[in-house]
Structure formats: C-alpha cells, structure tokens
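Asks: Just one file: input_19.pdb, with PDB, C-alpha atoms, pLDDT in the B column.
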ATOM      1  CA  GLY A   1       3.471 -13.510  -8.926  1.00 67.00           C
ATOM      2  CA  ALA A   2       1.433 -12.285  -5.990  1.00 81.00           C
ATOM      3  CA  VAL A   3      -2.111 -13.669  -5.813  1.00 88.00           C
ATOM      4  CA  VAL A   4      -5.220 -12.067  -4.396  1.00 92.00           C
ATOM      5  CA  SER A   5      -8.450 -14.001  -3.945  1.00 94.00           C
ATOM      6  CA  GLN A   6     -11.997 -12.860  -3.308  1.00 96.00           C
ATOM      7  CA  HIS A   7     -14.905 -14.747  -1.857  1.00 97.00           C
ATOM      8  CA  PRO A   8     -17.597 -15.194  -2.912  1.00 97.00           C
ATOM      9  CA  SER A   9     -17.222 -14.723  -6.648  1.00 95.00           C
ATOM     10  CA  TRP A  10     -20.903 -13.928  -6.912  1.00 95.00           C
ATOM     11  CA  VAL A  11     -23.752 -13.414  -4.475  1.00 97.00           C
ATOM     12  CA  ILE A  12     -27.468 -12.757  -4.730  1.00 97.00           C
ATOM     13  CA  CYS A  13     -29.276 -11.327  -1.732  1.00 96.00           C
ATOM     14  CA  LYS A  14     -32.595  -9.799  -0.782  1.00 96.00           C
ATOM     15  CA  SER A  15     -33.017  -6.091  -0.272  1.00 97.00           C
ATOM     16  CA  GLY A  16     -32.332  -5.077   3.325  1.00 97.00           C
ATOM     17  CA  THR A  17     -29.856  -7.824   4.108  1.00 97.00           C
ATOM     18  CA  SER A  18     -26.110  -7.436   4.627  1.00 97.00           C
ATOM     19  CA  VAL A  19     -23.425  -9.090   2.540  1.00 97.00           C
ATOM     20  CA  LYS A  20     -19.778  -9.641   3.421  1.00 97.00           C
ATOM     21  CA  ILE A  21     -17.054  -9.969   0.784  1.00 97.00           C
ATOM     22  CA  GLU A  22     -13.595 -11.240   1.669  1.00 97.00           C
ATOM     23  CA  CYS A  23     -10.321 -10.280   0.047  1.00 96.00           C
ATOM     24  CA  ARG A  24      -7.192 -12.293   0.818  1.00 95.00           C
ATOM     25  CA  SER A  25      -3.578 -11.939  -0.204  1.00 92.00           C
ATOM     26  CA  LEU A  26      -2.437 -15.532  -0.569  1.00 91.00           C
ATOM     27  CA  ASP A  27       1.332 -15.316  -0.758  1.00 87.00           C
ATOM     28  CA  PHE A  28       2.311 -11.921   0.558  1.00 86.00           C
ATOM     29  CA  GLN A  29       1.517  -9.548   3.374  1.00 87.00           C
ATOM     30  CA  ALA A  30      -0.719  -6.710   2.242  1.00 87.00           C
ATOM     31  CA  THR A  31      -0.110  -3.573   4.248  1.00 86.00           C
ATOM     32  CA  THR A  32      -2.678  -1.737   2.154  1.00 91.00           C
ATOM     33  CA  MET A  33      -5.847  -2.987   0.531  1.00 93.00           C
ATOM     34  CA  PHE A  34      -8.166  -1.140  -1.826  1.00 95.00           C
ATOM     35  CA  TRP A  35     -11.828  -1.659  -2.642  1.00 96.00           C
ATOM     36  CA  TYR A  36     -13.226  -0.680  -6.024  1.00 95.00           C
ATOM     37  CA  ARG A  37     -16.638  -0.722  -7.584  1.00 95.00           C
ATOM     38  CA  GLN A  38     -17.104  -1.313 -11.297  1.00 90.00           C
ATOM     39  CA  PHE A  39     -20.293  -0.572 -13.202  1.00 82.00           C
ATOM     40  CA  PRO A  40     -20.965  -2.201 -16.575  1.00 77.00           C
ATOM     41  CA  LYS A  41     -18.816  -0.692 -19.319  1.00 72.00           C
ATOM     42  CA  GLN A  42     -17.377   1.787 -16.858  1.00 75.00           C
ATOM     43  CA  SER A  43     -14.147   2.288 -15.039  1.00 82.00           C
ATOM     44  CA  LEU A  44     -13.132   1.093 -11.626  1.00 89.00           C
ATOM     45  CA  MET A  45     -14.152   3.578  -8.974  1.00 91.00           C
ATOM     46  CA  LEU A  46     -12.060   3.562  -5.823  1.00 93.00           C
ATOM     47  CA  MET A  47     -14.302   3.292  -2.781  1.00 95.00           C
ATOM     48  CA  ALA A  48     -11.817   3.156   0.060  1.00 95.00           C
ATOM     49  CA  THR A  49      -8.263   2.430   1.102  1.00 94.00           C
ATOM     50  CA  SER A  50      -7.454   0.451   4.202  1.00 92.00           C
ATOM     51  CA  ASN A  51      -4.237  -0.100   6.067  1.00 87.00           C
ATOM     52  CA  GLU A  52      -3.864  -3.063   8.366  1.00 83.00           C
ATOM     53  CA  GLY A  53      -4.979  -2.257  11.879  1.00 81.00           C
ATOM     54  CA  SER A  54      -6.389   1.176  11.161  1.00 84.00           C
ATOM     55  CA  LYS A  55      -9.633   2.659   9.950  1.00 88.00           C
ATOM     56  CA  ALA A  56     -10.318   2.786   6.246  1.00 92.00           C
ATOM     57  CA  THR A  57     -10.116   6.043   4.308  1.00 94.00           C
ATOM     58  CA  TYR A  58     -13.211   6.481   2.165  1.00 96.00           C
ATOM     59  CA  GLU A  59     -13.411   8.391  -1.102  1.00 94.00           C
ATOM     60  CA  GLN A  60     -15.746  11.329  -1.368  1.00 93.00           C
ATOM     61  CA  GLY A  61     -19.327  10.253  -1.851  1.00 93.00           C
ATOM     62  CA  VAL A  62     -18.899   6.744  -0.458  1.00 95.00           C
ATOM     63  CA  GLU A  63     -21.021   6.073   2.632  1.00 94.00           C
ATOM     64  CA  LYS A  64     -18.776   4.594   5.288  1.00 93.00           C
ATOM     65  CA  ASP A  65     -21.711   3.376   7.365  1.00 95.00           C
ATOM     66  CA  LYS A  66     -23.071   1.476   4.398  1.00 96.00           C
ATOM     67  CA  PHE A  67     -19.818  -0.002   3.149  1.00 97.00           C
ATOM     68  CA  LEU A  68     -17.990  -1.279   6.223  1.00 96.00           C
ATOM     69  CA  ILE A  69     -14.363  -2.174   5.667  1.00 94.00           C
ATOM     70  CA  ASN A  70     -12.242  -4.164   8.079  1.00 91.00           C
ATOM     71  CA  HIS A  71      -8.551  -4.896   7.560  1.00 89.00           C
ATOM     72  CA  ALA A  72      -7.833  -6.935  10.637  1.00 82.00           C
ATOM     73  CA  SER A  73      -4.758  -8.797   9.413  1.00 89.00           C
ATOM     74  CA  LEU A  74      -2.028  -8.473   6.812  1.00 89.00           C
ATOM     75  CA  THR A  75      -3.729 -11.025   4.591  1.00 92.00           C
ATOM     76  CA  LEU A  76      -7.443 -10.297   4.961  1.00 94.00           C
ATOM     77  CA  SER A  77      -9.767  -7.381   4.356  1.00 94.00           C
ATOM     78  CA  THR A  78     -13.546  -7.539   4.325  1.00 95.00           C
ATOM     79  CA  LEU A  79     -16.184  -5.314   2.767  1.00 97.00           C
ATOM     80  CA  THR A  80     -19.661  -5.524   4.247  1.00 97.00           C
ATOM     81  CA  VAL A  81     -22.517  -3.971   2.316  1.00 97.00           C
ATOM     82  CA  THR A  82     -25.103  -3.218   4.982  1.00 97.00           C
ATOM     83  CA  SER A  83     -28.834  -3.057   4.318  1.00 96.00           C
ATOM     84  CA  ALA A  84     -28.231  -3.684   0.641  1.00 96.00           C
ATOM     85  CA  HIS A  85     -30.553  -2.238  -1.980  1.00 96.00           C
ATOM     86  CA  PRO A  86     -30.847  -2.929  -5.709  1.00 96.00           C
ATOM     87  CA  GLU A  87     -28.746   0.151  -6.520  1.00 94.00           C
ATOM     88  CA  ASP A  88     -25.853  -1.483  -4.660  1.00 95.00           C
ATOM     89  CA  SER A  89     -25.767  -4.225  -7.296  1.00 95.00           C
ATOM     90  CA  SER A  90     -22.364  -4.021  -8.905  1.00 94.00           C
ATOM     91  CA  PHE A  91     -19.012  -5.704  -9.414  1.00 93.00           C
ATOM     92  CA  TYR A  92     -16.738  -5.198  -6.410  1.00 96.00           C
ATOM     93  CA  ILE A  93     -13.000  -5.621  -6.843  1.00 95.00           C
ATOM     94  CA  CYS A  94     -10.283  -5.554  -4.219  1.00 96.00           C
ATOM     95  CA  SER A  95      -6.572  -5.073  -4.628  1.00 94.00           C
ATOM     96  CA  ALA A  96      -3.666  -5.462  -2.274  1.00 92.00           C
ATOM     97  CA  ARG A  97      -0.284  -3.840  -2.062  1.00 88.00           C
ATOM     98  CA  GLY A  98       2.705  -5.265  -0.279  1.00 79.00           C
ATOM     99  CA  GLY A  99       4.906  -3.653   2.306  1.00 64.00           C
ATOM    100  CA  THR A 100       8.556  -2.821   2.371  1.00 58.00           C
ATOM    101  CA  SER A 101      10.040  -5.517   0.192  1.00 58.00           C
ATOM    102  CA  GLY A 102       9.332  -8.562  -1.927  1.00 57.00           C
ATOM    103  CA  THR A 103       7.358  -9.255  -5.052  1.00 54.00           C
ATOM    104  CA  ALA A 104       4.336  -7.272  -3.981  1.00 52.00           C
ATOM    105  CA  TYR A 105       6.195  -4.148  -2.891  1.00 59.00           C
ATOM    106  CA  ASN A 106       4.522  -0.981  -4.043  1.00 69.00           C
ATOM    107  CA  GLU A 107       2.404  -2.653  -6.741  1.00 79.00           C
ATOM    108  CA  GLN A 108      -1.300  -3.340  -6.574  1.00 86.00           C
ATOM    109  CA  PHE A 109      -2.456  -6.909  -7.224  1.00 90.00           C
ATOM    110  CA  PHE A 110      -6.115  -7.360  -8.007  1.00 92.00           C
ATOM    111  CA  GLY A 111      -8.628  -9.962  -6.999  1.00 93.00           C
ATOM    112  CA  PRO A 112     -11.022 -11.524  -9.551  1.00 91.00           C
ATOM    113  CA  GLY A 113     -13.990  -9.518  -8.291  1.00 94.00           C
ATOM    114  CA  THR A 114     -17.350 -10.287  -6.687  1.00 96.00           C
ATOM    115  CA  ARG A 115     -20.628  -9.850  -8.546  1.00 94.00           C
ATOM    116  CA  LEU A 116     -23.328  -8.628  -6.133  1.00 96.00           C
ATOM    117  CA  THR A 117     -26.968  -8.709  -7.179  1.00 96.00           C
ATOM    118  CA  VAL A 118     -29.560  -7.315  -4.781  1.00 96.00           C
ATOM    119  CA  LEU A 119     -33.149  -8.320  -5.503  1.00 96.00           C
TER     120      LEU A 119
ATOM    121  CA  GLY B   1      -8.403  16.411 -10.486  1.00 84.00           C
ATOM    122  CA  ASN B   2      -6.379  13.834 -12.336  1.00 89.00           C
ATOM    123  CA  SER B   3      -8.164  11.773 -14.952  1.00 92.00           C
ATOM    124  CA  VAL B   4      -7.626   9.197 -17.693  1.00 95.00           C
ATOM    125  CA  THR B   5      -9.525   8.946 -20.970  1.00 95.00           C
ATOM    126  CA  GLN B   6      -9.470   5.899 -23.235  1.00 94.00           C
ATOM    127  CA  MET B   7     -10.910   5.306 -26.650  1.00 87.00           C
ATOM    128  CA  GLU B   8     -14.320   3.717 -26.585  1.00 84.00           C
ATOM    129  CA  GLY B   9     -14.698   0.127 -27.561  1.00 86.00           C
ATOM    130  CA  PRO B  10     -15.275  -2.495 -28.450  1.00 93.00           C
ATOM    131  CA  VAL B  11     -12.328  -2.761 -30.781  1.00 95.00           C
ATOM    132  CA  THR B  12     -12.703  -5.722 -33.118  1.00 97.00           C
ATOM    133  CA  LEU B  13      -9.708  -6.957 -35.078  1.00 97.00           C
ATOM    134  CA  SER B  14      -8.709  -9.973 -37.082  1.00 97.00           C
ATOM    135  CA  GLU B  15      -5.840 -12.108 -35.882  1.00 97.00           C
ATOM    136  CA  GLU B  16      -2.384 -10.670 -36.774  1.00 96.00           C
ATOM    137  CA  ALA B  17      -3.772  -7.136 -37.172  1.00 97.00           C
ATOM    138  CA  PHE B  18      -2.046  -4.102 -35.662  1.00 98.00           C
ATOM    139  CA  LEU B  19      -3.527  -2.794 -32.439  1.00 97.00           C
ATOM    140  CA  THR B  20      -3.649   0.723 -31.048  1.00 97.00           C
ATOM    141  CA  ILE B  21      -5.695   1.682 -28.009  1.00 97.00           C
ATOM    142  CA  ASN B  22      -5.505   5.387 -27.278  1.00 97.00           C
ATOM    143  CA  CYS B  23      -5.066   6.743 -23.780  1.00 97.00           C
ATOM    144  CA  THR B  24      -4.656  10.358 -22.722  1.00 97.00           C
ATOM    145  CA  TYR B  25      -4.386  11.749 -19.250  1.00 96.00           C
ATOM    146  CA  THR B  26      -4.739  14.929 -17.237  1.00 95.00           C
ATOM    147  CA  ALA B  27      -2.504  15.264 -14.237  1.00 92.00           C
ATOM    148  CA  THR B  28      -0.580  17.652 -12.107  1.00 87.00           C
ATOM    149  CA  GLY B  29       3.023  16.632 -11.777  1.00 84.00           C
ATOM    150  CA  TYR B  30       4.468  13.542 -13.403  1.00 86.00           C
ATOM    151  CA  PRO B  31       2.574  10.413 -12.463  1.00 92.00           C
ATOM    152  CA  SER B  32       3.514   6.871 -13.361  1.00 93.00           C
ATOM    153  CA  LEU B  33       1.365   5.375 -16.110  1.00 95.00           C
ATOM    154  CA  PHE B  34       0.069   1.824 -16.393  1.00 96.00           C
ATOM    155  CA  TRP B  35      -1.815  -0.544 -18.646  1.00 97.00           C
ATOM    156  CA  TYR B  36      -3.796  -3.301 -16.982  1.00 96.00           C
ATOM    157  CA  VAL B  37      -5.556  -6.204 -18.708  1.00 95.00           C
ATOM    158  CA  GLN B  38      -8.631  -8.051 -17.479  1.00 91.00           C
ATOM    159  CA  TYR B  39      -9.304 -11.430 -19.074  1.00 90.00           C
ATOM    160  CA  PRO B  40     -12.829 -12.833 -18.820  1.00 83.00           C
ATOM    161  CA  GLY B  41     -13.596 -13.989 -15.299  1.00 76.00           C
ATOM    162  CA  GLU B  42     -10.271 -12.843 -13.905  1.00 80.00           C
ATOM    163  CA  GLY B  43      -8.876  -9.890 -11.966  1.00 81.00           C
ATOM    164  CA  LEU B  44      -6.843  -7.059 -13.427  1.00 89.00           C
ATOM    165  CA  GLN B  45      -3.236  -7.855 -14.231  1.00 90.00           C
ATOM    166  CA  LEU B  46      -0.479  -5.325 -14.750  1.00 92.00           C
ATOM    167  CA  LEU B  47       0.533  -5.447 -18.402  1.00 96.00           C
ATOM    168  CA  LEU B  48       3.181  -2.721 -18.496  1.00 96.00           C
ATOM    169  CA  LYS B  49       4.145   0.561 -16.931  1.00 94.00           C
ATOM    170  CA  ALA B  50       6.283   3.652 -17.409  1.00 95.00           C
ATOM    171  CA  THR B  51       7.453   5.904 -14.635  1.00 92.00           C
ATOM    172  CA  LYS B  52       8.778   8.969 -16.446  1.00 92.00           C
ATOM    173  CA  ALA B  53       8.559  10.870 -19.709  1.00 93.00           C
ATOM    174  CA  ASP B  54       9.850   9.040 -22.809  1.00 95.00           C
ATOM    175  CA  ASP B  55       9.956   5.725 -20.963  1.00 95.00           C
ATOM    176  CA  LYS B  56       8.658   2.800 -22.982  1.00 97.00           C
ATOM    177  CA  GLY B  57       6.912  -0.019 -21.181  1.00 96.00           C
ATOM    178  CA  SER B  58       6.714  -3.379 -22.914  1.00 97.00           C
ATOM    179  CA  ASN B  59       5.454  -6.877 -22.180  1.00 96.00           C
ATOM    180  CA  LYS B  60       4.100  -9.819 -24.203  1.00 95.00           C
ATOM    181  CA  GLY B  61       4.525  -7.887 -27.461  1.00 97.00           C
ATOM    182  CA  PHE B  62       2.597  -4.856 -26.175  1.00 98.00           C
ATOM    183  CA  GLU B  63       4.271  -1.460 -25.949  1.00 98.00           C
ATOM    184  CA  ALA B  64       3.380   2.017 -24.715  1.00 98.00           C
ATOM    185  CA  THR B  65       5.480   5.180 -24.542  1.00 98.00           C
ATOM    186  CA  TYR B  66       5.012   7.904 -21.942  1.00 97.00           C
ATOM    187  CA  ARG B  67       4.537  11.086 -23.994  1.00 96.00           C
ATOM    188  CA  LYS B  68       4.543  14.155 -21.795  1.00 94.00           C
ATOM    189  CA  GLU B  69       4.108  16.602 -24.665  1.00 94.00           C
ATOM    190  CA  THR B  70       0.873  14.973 -25.801  1.00 95.00           C
ATOM    191  CA  THR B  71      -0.105  13.610 -22.347  1.00 96.00           C
ATOM    192  CA  SER B  72      -0.608  10.214 -23.920  1.00 97.00           C
ATOM    193  CA  PHE B  73       0.235   6.579 -23.258  1.00 98.00           C
ATOM    194  CA  HIS B  74      -1.157   4.686 -26.236  1.00 98.00           C
ATOM    195  CA  LEU B  75      -1.027   0.884 -26.183  1.00 98.00           C
ATOM    196  CA  GLU B  76       0.227  -0.883 -29.315  1.00 98.00           C
ATOM    197  CA  LYS B  77       0.855  -4.407 -30.503  1.00 98.00           C
ATOM    198  CA  GLY B  78       2.107  -5.371 -33.921  1.00 97.00           C
ATOM    199  CA  SER B  79       0.179  -8.623 -34.344  1.00 96.00           C
ATOM    200  CA  VAL B  80      -2.723  -9.512 -32.089  1.00 97.00           C
ATOM    201  CA  GLN B  81      -3.860 -13.023 -31.260  1.00 97.00           C
ATOM    202  CA  VAL B  82      -7.238 -14.396 -30.266  1.00 97.00           C
ATOM    203  CA  SER B  83      -5.857 -14.871 -26.764  1.00 96.00           C
ATOM    204  CA  ASP B  84      -5.398 -11.090 -26.476  1.00 97.00           C
ATOM    205  CA  SER B  85      -9.170 -10.650 -26.307  1.00 96.00           C
ATOM    206  CA  ALA B  86      -9.781  -8.867 -23.010  1.00 95.00           C
ATOM    207  CA  VAL B  87     -10.571  -5.501 -21.458  1.00 94.00           C
ATOM    208  CA  TYR B  88      -7.638  -3.090 -21.275  1.00 96.00           C
ATOM    209  CA  PHE B  89      -7.419  -0.309 -18.685  1.00 96.00           C
ATOM    210  CA  CYS B  90      -5.100   2.678 -18.751  1.00 97.00           C
ATOM    211  CA  ALA B  91      -4.267   4.127 -15.336  1.00 95.00           C
ATOM    212  CA  LEU B  92      -2.145   6.739 -13.638  1.00 94.00           C
ATOM    213  CA  SER B  93      -0.842   6.909 -10.134  1.00 90.00           C
ATOM    214  CA  GLU B  94      -1.716   9.486  -7.558  1.00 84.00           C
ATOM    215  CA  PRO B  95      -0.110   9.342  -4.133  1.00 81.00           C
ATOM    216  CA  GLY B  96      -1.432   6.142  -2.627  1.00 79.00           C
ATOM    217  CA  LYS B  97      -3.878   5.189  -5.368  1.00 86.00           C
ATOM    218  CA  LEU B  98      -4.586   4.547  -9.025  1.00 91.00           C
ATOM    219  CA  ILE B  99      -6.930   6.436 -11.328  1.00 92.00           C
ATOM    220  CA  PHE B 100      -8.372   4.276 -14.122  1.00 93.00           C
ATOM    221  CA  GLY B 101      -9.772   4.985 -17.549  1.00 93.00           C
ATOM    222  CA  GLN B 102     -13.086   3.420 -18.483  1.00 91.00           C
ATOM    223  CA  GLY B 103     -11.588   0.386 -20.151  1.00 93.00           C
ATOM    224  CA  THR B 104     -11.522  -0.718 -23.783  1.00 95.00           C
ATOM    225  CA  THR B 105     -12.767  -4.124 -24.835  1.00 94.00           C
ATOM    226  CA  LEU B 106     -10.671  -5.848 -27.498  1.00 96.00           C
ATOM    227  CA  GLN B 107     -12.139  -8.701 -29.516  1.00 96.00           C
ATOM    228  CA  VAL B 108      -9.802 -10.591 -31.808  1.00 97.00           C
ATOM    229  CA  LYS B 109     -11.381 -12.901 -34.354  1.00 96.00           C
ATOM    230  CA  PRO B 110      -9.583 -15.840 -35.969  1.00 95.00           C
TER     231      PRO B 110
END
What is this file in structure tokens?
Replies:
Amino acid sequence: GAVVSQHPSWVICKSGTSVKIECRSLDFQATTMFWYRQFPKQSLMLMATSNEGSKATYEQGVEKDKFLINHASLTLSTLTVTSAHPEDSSFYICSARGGTSGTAYNEQFFGPGTRLTVL
Amino acid sequence: GNSVTQMEGPVTLSEEAFLTINCTYTATGYPSLFWYVQYPGEGLQLLLKATKADDKGSNKGFEATYRKETTSFHLEKGSVQVSDSAVYFCALSEPGKLIFGQGTTLQVKP
C-alpha cells in the first residue's frame, strides 16, 4: 500500500523558536496533502489542505501566518510552526492523497505523526 | 455542519469477545463513511468503508453497515484478539476532506 512518512517523529523546542515538520509520500505522487492536529483523547482536527504548487487552504480558526505550509513537490509538504508557544504542543499528523490513478487515487494515506512539545 | 460522534472509551474486552463500537453521524447529503484504525506509534490506516446506504464494509473480520435511517455506521467484530488493541476512528467524507469522530480506544486482554 501507499506509504507516508513524517519527520521528525518527535521534537522538543523552546518557546519562541520555529519548528519544521516534513511529510513525504514515499511511493506515490500526492497531489493533495492534509495537515491535522490531534489533542489527547480528542479527534483529528483538520488544519489545512494543500495542493502541489499552490497556496494552502486553511480551516477556520487556524492562523496561516503561524502554521506555514509548503507543498513544493508531489512528494513533499512541510508544516512550519513559527514562534512556537506551549499551547502549540500537540500531535501533528499529515495525510496524502494521490492523483488521477494508481493505488493512492482518491484515498487519504496517513503519516505516523509528529509529537511537538514546546517548553 | 457535518459531524461524527463515537462512543467514549476505553473499551476493554477479553480475547474472543464480541465488539461493537457505536458511530453516528450528522450530514447533509449522502457522504461516504469510513473506519480508520491507529495502532500504537503508527499512523491511521483505513480499515473499511461504505459509500452508500445499506453498503457493508468489511476487512480483517470487522464489519460496519451504512444505515441511513439511523444515521449510524457501527463497527463490529465477532471475536477480538489482543492484536486488535488500538484506537478506532469513525469518519465521513465532505467534498475534499474527512470529518473524524473523537476516537475510541479498544483494549483487548488475553
């Protein structure tokens, strides 16, 4: 099946610094990638949707200047948490959806997630 | 807006017990419905899906039937194993995205 990786799997940073999380589709071309945030014992909350080569579409209430998303290629999207604060601590999960054909067509495949802790 | 509600967990069962995890939804139109599973330390994996009313999705002994009249998509398995211990998410599709329930943790004891 289609595989999505995330890096790093966990990160600890100081308040005020920026953190970049990578999401890669390893064996298919992801025309669309999604970024979710998951709080303990809660559901996945969609933060934004990005299509390769275009600006991300953010969900209501998500600060686009704080959570910068870049989808520069068909296999890589990045989420940068800028000027992180303790309230940004969370589990961030990406997913990728393939294009017009193949195994990944029209189905979301999820990465293993990145645990961010801001001190 | 559209939403998904799952039964609260954790659900703790003995091996070979019968499993039901309830899921109900609110939606305009007729969305596709999904169950995802998240094993410890891993990403979400699609377990099964149903795209229209009365469809039954099945995989690995798990089943769920799309019930339009009760707006439900309950997950069932006749005999659980320790290896089924995971978090299970019910979800529905909106154009271009998925809406998830809050997840239900299943613990199966030997």
Asks: Starting from chain A, keep only residues with some atom at most 12 Å from an atom of chain B, counting all atoms listed in the file, and report them as a ChimeraX atom specification.
Replies: /A:1-6,9-10,31-51,57,59,91-97,104,106-115
Asks: Evaluated on this file, the PyMOL selection byres ((chain B and resi 53) around 8) picks out some residues - which ones are they, written as a PyMOL selection string?
Replies: chain B and resi 30+50-52+54-55+66-68
Asks: Tell me which residues come within 9 Å of (-4.3, 8.3, -11.1), as a list in words, counting only C-alpha atoms in the file's coordinates.
Replies: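 All residues meeting the 9 Å criterion around (-4.3, 8.3, -11.1) are Asn2, Ser3, Val4, Tyr25, Ala27, Pro31, Ser32, Leu33, Ala91, Leu92, Ser93, Glu94, Pro95, Lys97, Leu98, Ile99 and Phe100 of chain B.
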Asks: With only C-alpha atoms counted, which protein, DNA or RNA residues have an atom no more than 9 Å from (-24.8, -11.1, 7.2) in the file frame? Please answer as a list in words.
Replies: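 Selection result: Thr17, Ser18, Val19, Lys20, Thr80, Val81 and Thr82 of chain A.
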Asks: Between CA of Phe28 (chain A) and CA of Leu74 (chain A), what is the distance in Å, rounded to a tenth?
Replies: 8.4 Å
Asks: For His74 (chain B), find every residue with an atom within 9 Å (counting only C-alpha atoms), except residues of its own chain fewer than 6 positions away, and show them as an NGL selection string.
Replies: :B and (6 or 20-24 or 63-67 or 90)
Asks: Could you check how far CA of Thr117 (chain A) sits from CA of Lys14 (chain A), in Å to one decimal?
Replies: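 Here the two named atoms are 8.6 Å from each other.
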Asks: Any chance you could work out the axis-aligned box around region 65-80 of chain B, listed atoms only, 8 Å on each side, giving centre and edge lengths in Å to one decimal, as JSON?
Replies:
{"center_x": 1.4, "center_y": 3.5, "center_z": -28.1, "size_x": 24.2, "size_y": 42.1, "size_z": 28.5}
Asks: At a cut-off of 12 Å, using only C-alpha atoms, what residues contact Val80 (chain B)? Leave out same-chain residues fewer than 3 positions from it and give the result as number ranges by chain.
Replies: B: 11-20, 60-62, 76-77, 83-86, 106-110
Asks: Just the number, please: distance in Å from CA of Leu26 (chain A) to CA of Asn70 (chain A), one decimal.
Replies: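 Here the two named atoms are 17.3 Å from each other.
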Asks: Quick one: residues within 10 Å of Cys13 (chain A), only C-alpha atoms, excluding same-chain residues fewer than 6 positions away - as an mmCIF file with C-alpha atoms, in the coordinates of the input?
Replies:
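What follows is the written file around.cif:
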data_model
loop_
_atom_site.group_PDB
_atom_site.id
_atom_site.type_symbol
_atom_site.label_atom_id
_atom_site.label_comp_id
_atom_site.auth_asym_id
_atom_site.auth_seq_id
_atom_site.Cartn_x
_atom_site.Cartn_y
_atom_site.Cartn_z
ATOM 1 C CA VAL A 19 -23.425 -9.090 2.540
ATOM 2 C CA ALA A 84 -28.231 -3.684 0.641
ATOM 3 C CA HIS A 85 -30.553 -2.238 -1.980
ATOM 4 C CA PRO A 86 -30.847 -2.929 -5.709
ATOM 5 C CA SER A 89 -25.767 -4.225 -7.296
ATOM 6 C CA LEU A 116 -23.328 -8.628 -6.133
ATOM 7 C CA THR A 117 -26.968 -8.709 -7.179
ATOM 8 C CA VAL A 118 -29.560 -7.315 -4.781
ATOM 9 C CA LEU A 119 -33.149 -8.320 -5.503
#
Asks: With all atoms listed in the file as the basis for distance, which of A:Val62, A:Asp88, A:Leu79, A:Gly98 is at the shortest distance from Ser15 (chain A)?
Replies: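 The answer is A:Asp88, which sits nearest to Ser15 (chain A).
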Asks: Do you know which residues the PyMOL selection byres ((chain A and resi 76) around 8) returns on this file, as a list in words?
Replies: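 For this structure, the PyMOL selection byres ((chain A and resi 76) around 8) captures Glu22, Cys23, Arg24, Ser25, His71, Ala72, Ser73, Leu74, Thr75, Ser77 and Thr78 of chain A.
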Asks: As a PDB file, in the frame of the given file, could you write out region 4-9 of chain A once it has been completed with all heavy atoms?
Replies:
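Output saved as result_19.pdb:
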ATOM      1  N   VAL A   4      -4.166 -12.575  -5.267  1.00 92.00           N
ATOM      2  CA  VAL A   4      -5.220 -12.067  -4.396  1.00 92.00           C
ATOM      3  C   VAL A   4      -6.515 -12.808  -4.729  1.00 92.00           C
ATOM      4  O   VAL A   4      -6.867 -12.927  -5.912  1.00 92.00           O
ATOM      5  CB  VAL A   4      -5.406 -10.554  -4.593  1.00 92.00           C
ATOM      6  CG1 VAL A   4      -6.589 -10.039  -3.776  1.00 92.00           C
ATOM      7  CG2 VAL A   4      -4.132  -9.816  -4.223  1.00 92.00           C
ATOM      8  N   SER A   5      -7.185 -13.300  -3.717  1.00 94.00           N
ATOM      9  CA  SER A   5      -8.450 -14.001  -3.945  1.00 94.00           C
ATOM     10  C   SER A   5      -9.597 -13.217  -3.335  1.00 94.00           C
ATOM     11  O   SER A   5      -9.401 -12.412  -2.408  1.00 94.00           O
ATOM     12  CB  SER A   5      -8.402 -15.412  -3.333  1.00 94.00           C
ATOM     13  OG  SER A   5      -8.398 -15.326  -1.918  1.00 94.00           O
ATOM     14  N   GLN A   6     -10.789 -13.446  -3.859  1.00 96.00           N
ATOM     15  CA  GLN A   6     -11.997 -12.860  -3.308  1.00 96.00           C
ATOM     16  C   GLN A   6     -13.033 -13.952  -3.138  1.00 96.00           C
ATOM     17  O   GLN A   6     -13.115 -14.893  -3.938  1.00 96.00           O
ATOM     18  CB  GLN A   6     -12.568 -11.781  -4.244  1.00 96.00           C
ATOM     19  CG  GLN A   6     -11.891 -10.454  -4.149  1.00 96.00           C
ATOM     20  CD  GLN A   6     -12.555  -9.383  -4.996  1.00 96.00           C
ATOM     21  OE1 GLN A   6     -11.941  -8.861  -5.922  1.00 96.00           O
ATOM     22  NE2 GLN A   6     -13.795  -9.047  -4.677  1.00 96.00           N
ATOM     23  N   HIS A   7     -13.837 -13.779  -2.102  1.00 97.00           N
ATOM     24  CA  HIS A   7     -14.905 -14.747  -1.857  1.00 97.00           C
ATOM     25  C   HIS A   7     -16.116 -14.035  -1.288  1.00 97.00           C
ATOM     26  O   HIS A   7     -15.965 -13.190  -0.392  1.00 97.00           O
ATOM     27  CB  HIS A   7     -14.430 -15.828  -0.874  1.00 97.00           C
ATOM     28  CG  HIS A   7     -15.499 -16.818  -0.547  1.00 97.00           C
ATOM     29  ND1 HIS A   7     -15.819 -17.869  -1.395  1.00 97.00           N
ATOM     30  CD2 HIS A   7     -16.349 -16.899   0.498  1.00 97.00           C
ATOM     31  CE1 HIS A   7     -16.809 -18.569  -0.869  1.00 97.00           C
ATOM     32  NE2 HIS A   7     -17.132 -17.996   0.288  1.00 97.00           N
ATOM     33  N   PRO A   8     -17.307 -14.290  -1.804  1.00 97.00           N
ATOM     34  CA  PRO A   8     -17.597 -15.194  -2.912  1.00 97.00           C
ATOM     35  C   PRO A   8     -17.323 -14.537  -4.262  1.00 97.00           C
ATOM     36  O   PRO A   8     -17.048 -13.348  -4.318  1.00 97.00           O
ATOM     37  CB  PRO A   8     -19.095 -15.461  -2.728  1.00 97.00           C
ATOM     38  CG  PRO A   8     -19.609 -14.181  -2.150  1.00 97.00           C
ATOM     39  CD  PRO A   8     -18.513 -13.669  -1.248  1.00 97.00           C
ATOM     40  N   SER A   9     -17.389 -15.291  -5.315  1.00 95.00           N
ATOM     41  CA  SER A   9     -17.222 -14.723  -6.648  1.00 95.00           C
ATOM     42  C   SER A   9     -18.517 -14.077  -7.128  1.00 95.00           C
ATOM     43  O   SER A   9     -18.494 -13.174  -7.960  1.00 95.00           O
ATOM     44  CB  SER A   9     -16.753 -15.783  -7.636  1.00 95.00           C
ATOM     45  OG  SER A   9     -17.654 -16.874  -7.634  1.00 95.00           O
TER      46      SER A   9
END
